[in-house]
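J.: Got a structure for you, written out below as structure tokens; questions coming shortly.
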Amino acid sequence: MKPVDFSELRSAHDNVLSLRNTQEEEPPDPQLMRLDNMLIAEGVAGPEKGGGAGAATNASAATSGGPGQSENAIEHSDYRAKLAQIRQIYHQELEKYEQACNEFTTHVMNLLREQSRTRPITPKEIERMVQIIHKKFNSIQVQLKQSTCEAVMILRSRFLDARFVFTVHI
């Protein structure tokens, strides 16, 4: 029988202790909440995951008013089409993000369960590792939402600028 290498056990124990020192439950990220609120307000995200009436209202607000209603109708439909395209891309990327996060989390959990056969790992320690993974993936989610918000703001500014130029020249 081979003697136990206590330095390896001590190292594993220290790793577990460092996991225990992480916060129990993190409050919601305020930046993520702001981005979510903006995406909901712009009709990109929301309960129905399609924007729906919110997108139409925002499009109408961005292009309504002034003479040349047929021009505004064209701009309105262009705005709505481009907003729908942004919404579709956002939801596709969000789905990819969620799938990658779930696959990676499952992979790490399986690895930890396998390792628990050779060294002590409790379910609580596995859960802490999952929290760490989710925190890392959260930064990717923030980047996705930021870029989507930027795309919506650029779209809005283009249509508002076009409306302003149109009304000034008339």
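Residue names in the structure tokens use chain letters A, B, ... in the order shown, residue numbers from 1 in each chain, and ligand numbers from 1 in the order shown.
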Can you list every residue of region 98-117 of chain A that has an atom at most 10 Å from region 122-134 of chain A, with its nearest atom pair and the distance in Å to one decimal, using only C-alpha atoms, ordered by chain then number, as a tab-separated table?
T.:
residue	atom	partner	partner_atom	distance
A:Cys101	CA	A:His134	CA	7.4
A:Asn102	CA	A:His134	CA	9.2
A:Phe104	CA	A:Ile133	CA	8.4
A:Thr105	CA	A:Val130	CA	6.3
A:Thr106	CA	A:Val130	CA	8.9
A:Val108	CA	A:Val130	CA	8.0
A:Met109	CA	A:Ile126	CA	6.5
A:Asn110	CA	A:Ile126	CA	9.6
A:Leu111	CA	A:Ile126	CA	10.0
A:Leu112	CA	A:Ile126	CA	6.9
A:Arg113	CA	A:Ile126	CA	8.2
A:Ser116	CA	A:Thr122	CA	7.8
J.: How far is it from CA of Gly43 (chain A) to CA of Gln143 (chain A), in Å with one decimal?
T.: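 Value for the CA of Gly43 (chain A)-CA of Gln143 (chain A) distance: 18.6 Å.
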J.: Which residues are close to Val152 (chain A), i.e. within 10 Å by only C-alpha atoms, leaving aside same-chain residues fewer than 5 positions away? Reply as number ranges by chain.
T.: A: 38-39, 42-44, 82-83, 86-87, 146-147, 157-158
J.: Next, the residues of the selection above should be written as a CSV table (one decimal), in the first residue's frame with C-alpha atoms.
T.:
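As a result, again-v2.csv now contains:
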chain,number,residue,atom,x,y,z
A,38,MET,CA,-33.0,49.4,-21.9
A,39,LEU,CA,-33.5,46.4,-24.0
A,42,GLU,CA,-36.5,49.4,-26.8
A,43,GLY,CA,-38.6,46.3,-27.6
A,44,VAL,CA,-35.6,44.1,-28.1
A,82,LYS,CA,-33.8,47.0,-38.7
A,83,LEU,CA,-35.0,46.8,-35.1
A,86,ILE,CA,-31.2,43.5,-34.2
A,87,ARG,CA,-33.7,41.7,-32.0
A,146,GLN,CA,-24.0,46.4,-24.3
A,147,SER,CA,-23.3,45.8,-28.0
A,157,SER,CA,-29.9,58.2,-33.8
A,158,ARG,CA,-29.8,57.6,-37.6
J.: Out of A:Ser77, A:Ile140, A:Leu155, A:Lys145, which residue has the shortest atom-to-atom distance to Ile40 (chain A) when counting only C-alpha atoms?
T.: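 That would be A:Lys145, the residue with the smallest distance to Ile40 (chain A).
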J.: Any idea what the distance is between CA of Leu94 (chain A) and CA of Ile154 (chain A)?
T.: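 Between these atoms lies a distance of 20.3 Å.
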J.: Could you check how far CA of Ala81 (chain A) sits from CA of Ala100 (chain A), in Å to one decimal?
T.: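 Going from CA of Ala81 (chain A) over to CA of Ala100 (chain A) covers 28.7 Å.
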J.: For Tyr90 (chain A), which residue among A:Asn37, A:Asn138, A:Gln115, A:Thr148 is the nearest when counting only C-alpha atoms?
T.: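 Among the listed residues, the smallest separation from Tyr90 (chain A) belongs to A:Thr148.
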